[in-house]
Amino acid sequence: MNGGAKRPEYANNGGNYSFAIKSALFGVAVGDALGVPVEFESREDISSDPVTAMTGYGTYDLPPGTWSDDSSLTFCLAETLTKEYDIRSIGHNFVKWYREGLWTAQGKVFDVGNTTRKAIDRIERGIQAEMAGCTDEASNGNGSLMRILPLMFYMYNRPLAERFEITRQVSSVTHGHIRSVIACFYYLEFARQIYEGKDKFDIYSDMQTVISGHLSALLIDPAEVLVFDRLLKDDIHRLTEETIQSGGYVIHTLEAAVWCLLTTDSYSEAVLRAVNLGHDTDTTAAVTGGLAGLLYGYNSIPEEWTAQLARRDDIENLAERLDAGLAF
């Protein structure tokens with residue numbers, strides 16, 4: 001795999017920041033929308049009729065282009081960052097999404113993870129947002145990973161240690177266990193290097209040194225670091241599809257997203273591969289799509305997909321406001 005189409009120009013070449021943000025937000029939302037109609041379907045069932053285009057109805061009986069909580073919470077985070085970095089505001093936006101339909105595709109919430117719902121309930125009861133996420137080992141679903149990407153733009157120029165701490169805070173609004181925090185950190189650091197224009201395989205190799213070294217310096221429990229061995233020690237792109245899992249566990253989602261990115265050469269190939277893994281199709285494709293959107297750029301996303309996307313103009317406006325609010 002060679003990275004496919006011509007790469008967009010970002011930070012190393014004068015910095016088209018607005019385009020990068022647009023590429024990331026639409027990358028998440030399009031991947032999400034591709035996966036919504038077949039969410040929970042097994043890999044075996046999907047293999048008999050693979051997803052090749054934007055479809056609708058299916059699992060939730062919703063029109064083509066409808067995205068789920070993955071994109072909604074991504075946009076809620078981005079909405080806060082258009083004005084400031086404030087954990088309370090992030091938590092407040094998540095409550096408004098769940099209770100009032102803020103940043104929903106069709107005006108209603110139709111999918112929410114149990115861990116995220118519990119955290120939102122705690123915020124409503126007055127628990128500080130940074131402390132609302134569950135910290136037990138069983139609460140390591142992919143609910144913070146799926147929404148974390150806009151944070152990369154806010155943290156871009158900050159030191160590594162500060163980036164880790166900010167990631168911990170934002171993940172912990174819904175998912176406070178160190179495993180979820182590390183998964184978000186790995187994902188954001190991978191995205192950051194894509195943004196810097198580096199080759200995806202070079203990034204993967206560099207992640208093994210950067211992430212391992214930082215976790216060691218933080219004296220993170222070695223047992224937690226071992227959970228990431230397929231990313232931090234192995235060549236995950238050499239694994240077969242049969243060895244890649246695609247359920248709701250945060251490690252499986254992160255592994256699947258990196259595997260899909262490294263074993264394809266375009267945005268469409270990456271997100272379709274993610275969807276056709278089955279099971280948690282919307283989240284696997286949203287997480288994959290965020291990286292692939294950054295890697296290949298907005299113009300690489302098929303226009304027939306973005307044309308069908310719910311609230312397309314609103315997403316574009318959010319990208320513009322986020323760019324202005326971050327004031328690069």
# chains A, B, ... in the order shown; residues from 1 in each chain; ligands from 1
call {"tool": "closest_atom_pairs", "arguments": {"of": "segment 85-119 of chain A", "to": "segment 269-287 of chain A", "cutoff": "12 Å", "atoms": "only C-alpha atoms", "output": "JSON lines"}}
result
{"residue": "A:Asp111", "atom": "CA", "partner": "A:Asp282", "partner_atom": "CA", "distance": 10.5}
{"residue": "A:Val112", "atom": "CA", "partner": "A:Thr283", "partner_atom": "CA", "distance": 11.5}
{"residue": "A:Gly113", "atom": "CA", "partner": "A:Thr283", "partner_atom": "CA", "distance": 11.1}
call {"tool": "write_last_selection", "arguments": {"atoms": "N, CA and C atoms", "output": "PDB file, in the first residue's frame"}}
result
ATOM      1  N   ASP A 111     -29.213   6.216  18.860  1.00  0.00           N
ATOM      2  CA  ASP A 111     -28.171   5.262  19.243  1.00  0.00           C
ATOM      3  C   ASP A 111     -27.305   5.918  20.307  1.00  0.00           C
ATOM      4  N   VAL A 112     -27.124   5.239  21.432  1.00  0.00           N
ATOM      5  CA  VAL A 112     -26.259   5.757  22.493  1.00  0.00           C
ATOM      6  C   VAL A 112     -25.673   4.583  23.265  1.00  0.00           C
ATOM      7  N   GLY A 113     -24.387   4.648  23.529  1.00  0.00           N
ATOM      8  CA  GLY A 113     -23.735   3.590  24.290  1.00  0.00           C
ATOM      9  C   GLY A 113     -24.084   3.680  25.767  1.00  0.00           C
TER      10      GLY A 113
END
call {"tool": "residues_around", "arguments": {"residues": "segment 213-218 of chain A", "least_positions_apart": "5", "cutoff": "10 Å", "atoms": "only C-alpha atoms", "output": "list in words"}}
result
Leu160, Ala161, Phe164, Ile182, Met207, Gln208, Glu224 and Val225 of chain A
call {"tool": "residues_around", "arguments": {"residues": "Thr174 of chain A", "least_positions_apart": "5", "cutoff": "12 Å", "atoms": "only C-alpha atoms", "output": "PyMOL selection string"}}
result
chain A and resi 73+87+90-91+94-95+112-123+127-136+139-148+168-169+180-181
call {"tool": "write_last_selection", "arguments": {"atoms": "C-alpha atoms", "output": "short mmCIF file (atom, residue, chain, number, x, y, z; two decimals), in the first residue's frame"}}
result
data_model
loop_
_atom_site.label_atom_id
_atom_site.label_comp_id
_atom_site.auth_asym_id
_atom_site.auth_seq_id
_atom_site.Cartn_x
_atom_site.Cartn_y
_atom_site.Cartn_z
CA LEU A 73 -20.65 13.77 19.75
CA ILE A 87 -14.65 20.49 29.95
CA ILE A 90 -18.21 19.67 26.47
CA GLY A 91 -20.24 17.83 29.08
CA PHE A 94 -23.32 16.03 25.43
CA VAL A 95 -26.33 16.48 27.73
CA VAL A 112 -26.26 5.76 22.49
CA GLY A 113 -23.74 3.59 24.29
CA ASN A 114 -24.45 2.53 27.86
CA THR A 115 -21.23 4.00 29.25
CA THR A 116 -21.87 7.34 27.52
CA ARG A 117 -25.48 7.40 28.75
CA LYS A 118 -24.38 6.72 32.33
CA ALA A 119 -21.84 9.54 32.15
CA ILE A 120 -24.45 11.96 30.82
CA ASP A 121 -26.75 10.97 33.67
CA ARG A 122 -23.95 11.76 36.14
CA ILE A 123 -23.32 15.16 34.59
CA ILE A 127 -20.91 15.45 38.79
CA GLN A 128 -18.04 17.38 37.22
CA ALA A 129 -17.76 16.46 33.55
CA GLU A 130 -14.12 15.43 33.83
CA MET A 131 -15.12 12.93 36.54
CA ALA A 132 -18.31 11.64 34.92
CA GLY A 133 -16.87 8.78 32.88
CA CYS A 134 -16.71 5.28 34.31
CA THR A 135 -13.24 4.11 35.31
CA ASP A 136 -13.79 0.35 35.67
CA SER A 139 -16.21 0.39 30.65
CA ASN A 140 -13.81 0.38 27.73
CA GLY A 141 -16.19 0.70 24.83
CA ASN A 142 -15.29 2.91 21.90
CA GLY A 143 -17.47 5.86 22.93
CA SER A 144 -14.69 8.36 23.59
CA LEU A 145 -12.49 7.23 20.71
CA MET A 146 -15.28 7.74 18.18
CA ARG A 147 -15.68 11.46 19.02
CA ILE A 148 -12.16 12.58 19.91
CA ARG A 168 -7.27 12.20 29.39
CA GLN A 169 -9.63 14.98 30.42
CA SER A 180 -9.65 4.30 26.68
CA VAL A 181 -7.42 7.32 27.35
#
call {"tool": "closest_residue", "arguments": {"among": "A:Glu196, A:Glu189, A:Asp206, A:Asp234", "to": "Tyr17 of chain A", "atoms": "only C-alpha atoms"}}
result
A:Glu196
call {"tool": "residues_around", "arguments": {"residues": "Ile236 of chain A", "least_positions_apart": "3", "cutoff": "8 Å", "atoms": "only C-alpha atoms", "output": "compact mmCIF listing (two decimals) with N, CA and C atoms, in the first residue's frame"}}
result
# COMPACT_ATOMS: atom_id res chain seq x y z
N ARG A 230 -0.44 -5.27 19.62
CA ARG A 230 -0.58 -5.43 18.17
C ARG A 230 -0.32 -4.11 17.44
N LEU A 231 -0.51 -2.99 18.14
CA LEU A 231 -0.21 -1.69 17.56
C LEU A 231 1.20 -1.22 17.88
N LEU A 239 -1.64 -8.59 9.23
CA LEU A 239 -2.62 -9.54 9.74
C LEU A 239 -3.76 -9.73 8.74
N GLU A 255 -7.64 -0.89 16.56
CA GLU A 255 -6.89 -1.80 15.70
C GLU A 255 -7.52 -1.90 14.32
N VAL A 258 -6.84 1.35 12.20
CA VAL A 258 -5.46 1.43 11.70
C VAL A 258 -5.24 0.38 10.63
N TRP A 259 -5.76 -0.82 10.83
CA TRP A 259 -5.62 -1.89 9.84
C TRP A 259 -6.28 -1.49 8.52
call {"tool": "select_by_dssp", "arguments": {"residues": "segment 100-327 of chain A", "states": "alpha helix (DSSP H)", "output": "VMD selection string"}}
result
chain A and resid 100 114 to 124 151 to 155 160 to 171 178 to 195 200 to 217 222 to 226 229 to 232 250 to 262 267 to 275 281 to 296 303 to 306 312 to 326
call {"tool": "select_by_dssp", "arguments": {"residues": "segment 3-186 of chain A", "states": "strand (DSSP E or B)", "output": "PyMOL selection string"}}
result
chain A and resi 57+62+134+141+175
call {"tool": "residues_around", "arguments": {"residues": "Glu303 of chain A", "least_positions_apart": "4", "cutoff": "12 Å", "atoms": "only C-alpha atoms", "output": "list in words"}}
result
Phe26, Val30, Ala53, Met54, Tyr267, Ser268, Tyr298, Asn299, Ala307, Gln308, Leu309 and Arg312 of chain A
call {"tool": "write_last_selection", "arguments": {"atoms": "C-alpha atoms", "output": "PDB file, in the first residue's frame"}}
result
ATOM      1  CA  PHE A  26     -16.621  14.892   6.842  1.00  0.00           C
ATOM      2  CA  VAL A  30     -19.443   9.881   5.881  1.00  0.00           C
ATOM      3  CA  ALA A  53     -22.299   2.843  -1.663  1.00  0.00           C
ATOM      4  CA  MET A  54     -24.305   5.136   0.600  1.00  0.00           C
ATOM      5  CA  TYR A 267     -10.721   7.079   1.477  1.00  0.00           C
ATOM      6  CA  SER A 268     -13.494   5.021  -0.087  1.00  0.00           C
ATOM      7  CA  TYR A 298     -11.997  16.125   1.537  1.00  0.00           C
ATOM      8  CA  ASN A 299     -11.847  15.973  -2.260  1.00  0.00           C
ATOM      9  CA  ALA A 307     -24.198  15.014  -1.404  1.00  0.00           C
ATOM     10  CA  GLN A 308     -26.470  12.634   0.513  1.00  0.00           C
ATOM     11  CA  LEU A 309     -25.062  13.468   3.938  1.00  0.00           C
ATOM     12  CA  ARG A 312     -23.985  18.829   4.978  1.00  0.00           C
TER      13      ARG A 312
END
call {"tool": "closest_residue", "arguments": {"among": "A:Ser171, A:Thr52, A:Gly107, A:Ser266", "to": "Ala183 of chain A", "atoms": "only C-alpha atoms"}}
result
A:Ser171
call {"tool": "closest_residue", "arguments": {"among": "A:Arg158, A:Ser68, A:Ala33, A:Phe19", "to": "Trp305 of chain A", "atoms": "only C-alpha atoms"}}
result
A:Ala33
call {"tool": "closest_residue", "arguments": {"among": "A:Val38, A:Ala223, A:Cys184, A:Leu232", "to": "Thr59 of chain A", "atoms": "only C-alpha atoms"}}
result
A:Val38
call {"tool": "closest_residue", "arguments": {"among": "A:Ala29, A:Ala256, A:Ile21, A:Val109", "to": "Tyr60 of chain A", "atoms": "only C-alpha atoms"}}
result
A:Val109
call {"tool": "residues_around", "arguments": {"residues": "Leu291 of chain A", "least_positions_apart": "2", "cutoff": "8 Å", "atoms": "only C-alpha atoms", "output": "PyMOL selection string"}}
result
chain A and resi 24+27+191+194+261+287-289+293-295
call {"tool": "residues_around", "arguments": {"residues": "Pro150 of chain A", "least_positions_apart": "2", "cutoff": "9 Å", "atoms": "only C-alpha atoms", "output": "tab-separated table (two decimals) with N, CA and C atoms, in the first residue's frame"}}
result
chain	number	residue	atom	x	y	z
A	21	ILE	N	-9.57	20.51	8.71
A	21	ILE	CA	-10.69	20.33	9.63
A	21	ILE	C	-11.90	19.80	8.89
A	24	ALA	N	-11.44	16.14	8.08
A	24	ALA	CA	-11.60	15.28	9.24
A	24	ALA	C	-13.06	15.11	9.62
A	25	LEU	N	-13.81	16.22	9.70
A	25	LEU	CA	-15.22	16.14	10.12
A	25	LEU	C	-16.06	15.37	9.12
A	74	THR	N	-18.88	13.95	18.09
A	74	THR	CA	-17.73	14.61	17.46
A	74	THR	C	-18.05	16.08	17.21
A	75	PHE	N	-19.24	16.35	16.69
A	75	PHE	CA	-19.63	17.72	16.40
A	75	PHE	C	-19.90	18.51	17.68
A	77	LEU	N	-18.26	18.12	20.48
A	77	LEU	CA	-16.92	18.50	20.93
A	77	LEU	C	-16.39	19.66	20.10
A	78	ALA	N	-16.52	19.54	18.78
A	78	ALA	CA	-16.04	20.61	17.91
A	78	ALA	C	-16.77	21.92	18.21
A	81	LEU	N	-15.14	23.67	20.96
A	81	LEU	CA	-13.82	24.17	20.58
A	81	LEU	C	-13.87	25.36	19.64
A	147	ARG	N	-15.34	10.03	19.06
A	147	ARG	CA	-15.68	11.46	19.02
A	147	ARG	C	-14.50	12.38	19.23
A	148	ILE	N	-13.30	11.83	19.37
A	148	ILE	CA	-12.16	12.58	19.91
A	148	ILE	C	-11.40	13.42	18.88
A	152	MET	N	-7.52	17.06	18.22
A	152	MET	CA	-6.18	17.14	17.65
A	152	MET	C	-5.84	18.55	17.20
A	153	PHE	N	-6.80	19.24	16.61
A	153	PHE	CA	-6.54	20.58	16.10
A	153	PHE	C	-6.30	21.57	17.24
A	154	TYR	N	-7.03	21.40	18.32
A	154	TYR	CA	-6.82	22.27	19.48
A	154	TYR	C	-5.45	22.04	20.11
A	188	LEU	N	-5.10	10.22	18.27
A	188	LEU	CA	-4.84	11.63	18.03
A	188	LEU	C	-3.40	11.88	17.60
A	322	LEU	N	-14.85	26.24	13.52
A	322	LEU	CA	-13.78	25.65	14.32
A	322	LEU	C	-12.43	26.22	13.89
call {"tool": "decode", "arguments": {"residues": "segment 20-57 of chain A", "atoms": "N, CA and C atoms", "output": "compact mmCIF listing (two decimals), in the first residue's frame"}}
result
# COMPACT_ATOMS: atom_id res chain seq x y z
N ALA A 20 -8.18 20.96 6.31
CA ALA A 20 -7.88 19.79 7.14
C ALA A 20 -9.03 19.49 8.08
N ILE A 21 -9.57 20.51 8.71
CA ILE A 21 -10.69 20.33 9.63
C ILE A 21 -11.90 19.80 8.89
N LYS A 22 -12.19 20.37 7.73
CA LYS A 22 -13.31 19.90 6.91
C LYS A 22 -13.11 18.44 6.51
N SER A 23 -11.89 18.09 6.13
CA SER A 23 -11.58 16.72 5.73
C SER A 23 -11.82 15.75 6.88
N ALA A 24 -11.44 16.14 8.08
CA ALA A 24 -11.60 15.28 9.24
C ALA A 24 -13.06 15.11 9.62
N LEU A 25 -13.81 16.22 9.70
CA LEU A 25 -15.22 16.14 10.12
C LEU A 25 -16.06 15.37 9.12
N PHE A 26 -15.87 15.64 7.84
CA PHE A 26 -16.62 14.89 6.84
C PHE A 26 -16.13 13.45 6.75
N GLY A 27 -14.85 13.24 7.00
CA GLY A 27 -14.34 11.87 7.01
C GLY A 27 -15.03 11.01 8.05
N VAL A 28 -15.22 11.58 9.24
CA VAL A 28 -15.94 10.87 10.31
C VAL A 28 -17.39 10.63 9.91
N ALA A 29 -18.08 11.68 9.48
CA ALA A 29 -19.52 11.61 9.26
C ALA A 29 -19.90 10.69 8.10
N VAL A 30 -19.14 10.74 7.03
CA VAL A 30 -19.44 9.88 5.88
C VAL A 30 -19.22 8.41 6.24
N GLY A 31 -18.11 8.12 6.91
CA GLY A 31 -17.88 6.74 7.35
C GLY A 31 -18.99 6.26 8.26
N ASP A 32 -19.38 7.09 9.18
CA ASP A 32 -20.47 6.79 10.11
C ASP A 32 -21.76 6.47 9.35
N ALA A 33 -22.13 7.36 8.42
CA ALA A 33 -23.37 7.19 7.67
C ALA A 33 -23.37 5.94 6.80
N LEU A 34 -22.21 5.58 6.28
CA LEU A 34 -22.12 4.35 5.50
C LEU A 34 -22.41 3.12 6.37
N GLY A 35 -22.02 3.21 7.63
CA GLY A 35 -22.16 2.06 8.52
C GLY A 35 -23.49 1.94 9.22
N VAL A 36 -24.23 3.04 9.36
CA VAL A 36 -25.48 3.03 10.13
C VAL A 36 -26.49 1.98 9.64
N PRO A 37 -26.73 1.86 8.33
CA PRO A 37 -27.78 0.92 7.89
C PRO A 37 -27.49 -0.55 8.17
N VAL A 38 -26.22 -0.89 8.39
CA VAL A 38 -25.88 -2.30 8.61
C VAL A 38 -25.30 -2.55 10.00
N GLU A 39 -25.46 -1.59 10.92
CA GLU A 39 -24.93 -1.78 12.26
C GLU A 39 -25.49 -3.05 12.89
N PHE A 40 -24.63 -3.78 13.56
CA PHE A 40 -24.93 -5.04 14.25
C PHE A 40 -25.01 -6.26 13.32
N GLU A 41 -24.95 -6.06 12.01
CA GLU A 41 -24.93 -7.21 11.12
C GLU A 41 -23.57 -7.90 11.20
N SER A 42 -23.57 -9.21 11.12
CA SER A 42 -22.33 -9.96 11.22
C SER A 42 -21.50 -9.81 9.95
N ARG A 43 -20.23 -10.07 10.07
CA ARG A 43 -19.34 -10.03 8.91
C ARG A 43 -19.78 -11.03 7.86
N GLU A 44 -20.22 -12.17 8.30
CA GLU A 44 -20.65 -13.21 7.38
C GLU A 44 -21.88 -12.77 6.59
N ASP A 45 -22.84 -12.16 7.27
CA ASP A 45 -24.05 -11.70 6.59
C ASP A 45 -23.73 -10.59 5.59
N ILE A 46 -22.89 -9.66 6.00
CA ILE A 46 -22.54 -8.55 5.10
C ILE A 46 -21.76 -9.05 3.89
N SER A 47 -20.94 -10.07 4.08
CA SER A 47 -20.11 -10.57 2.97
C SER A 47 -20.94 -11.09 1.81
N SER A 48 -22.19 -11.48 2.07
CA SER A 48 -23.04 -11.97 0.98
C SER A 48 -23.61 -10.82 0.15
N ASP A 49 -23.57 -9.59 0.72
CA ASP A 49 -24.05 -8.40 0.00
C ASP A 49 -23.27 -7.19 0.52
N PRO A 50 -21.99 -7.08 0.16
CA PRO A 50 -21.14 -6.04 0.75
C PRO A 50 -21.65 -4.63 0.47
N VAL A 51 -21.37 -3.74 1.40
CA VAL A 51 -21.69 -2.32 1.21
C VAL A 51 -20.70 -1.72 0.23
N THR A 52 -21.22 -1.07 -0.81
CA THR A 52 -20.36 -0.44 -1.82
C THR A 52 -20.73 1.02 -2.05
N ALA A 53 -21.82 1.49 -1.43
CA ALA A 53 -22.30 2.84 -1.66
C ALA A 53 -23.08 3.32 -0.44
N MET A 54 -23.48 4.58 -0.46
CA MET A 54 -24.30 5.14 0.60
C MET A 54 -25.72 4.59 0.47
N THR A 55 -26.16 3.89 1.49
CA THR A 55 -27.51 3.34 1.47
C THR A 55 -28.29 3.88 2.66
N GLY A 56 -29.53 3.44 2.79
CA GLY A 56 -30.33 3.91 3.91
C GLY A 56 -31.20 2.82 4.49
N TYR A 57 -32.01 3.25 5.48
CA TYR A 57 -32.98 2.37 6.13
C TYR A 57 -32.25 1.23 6.84
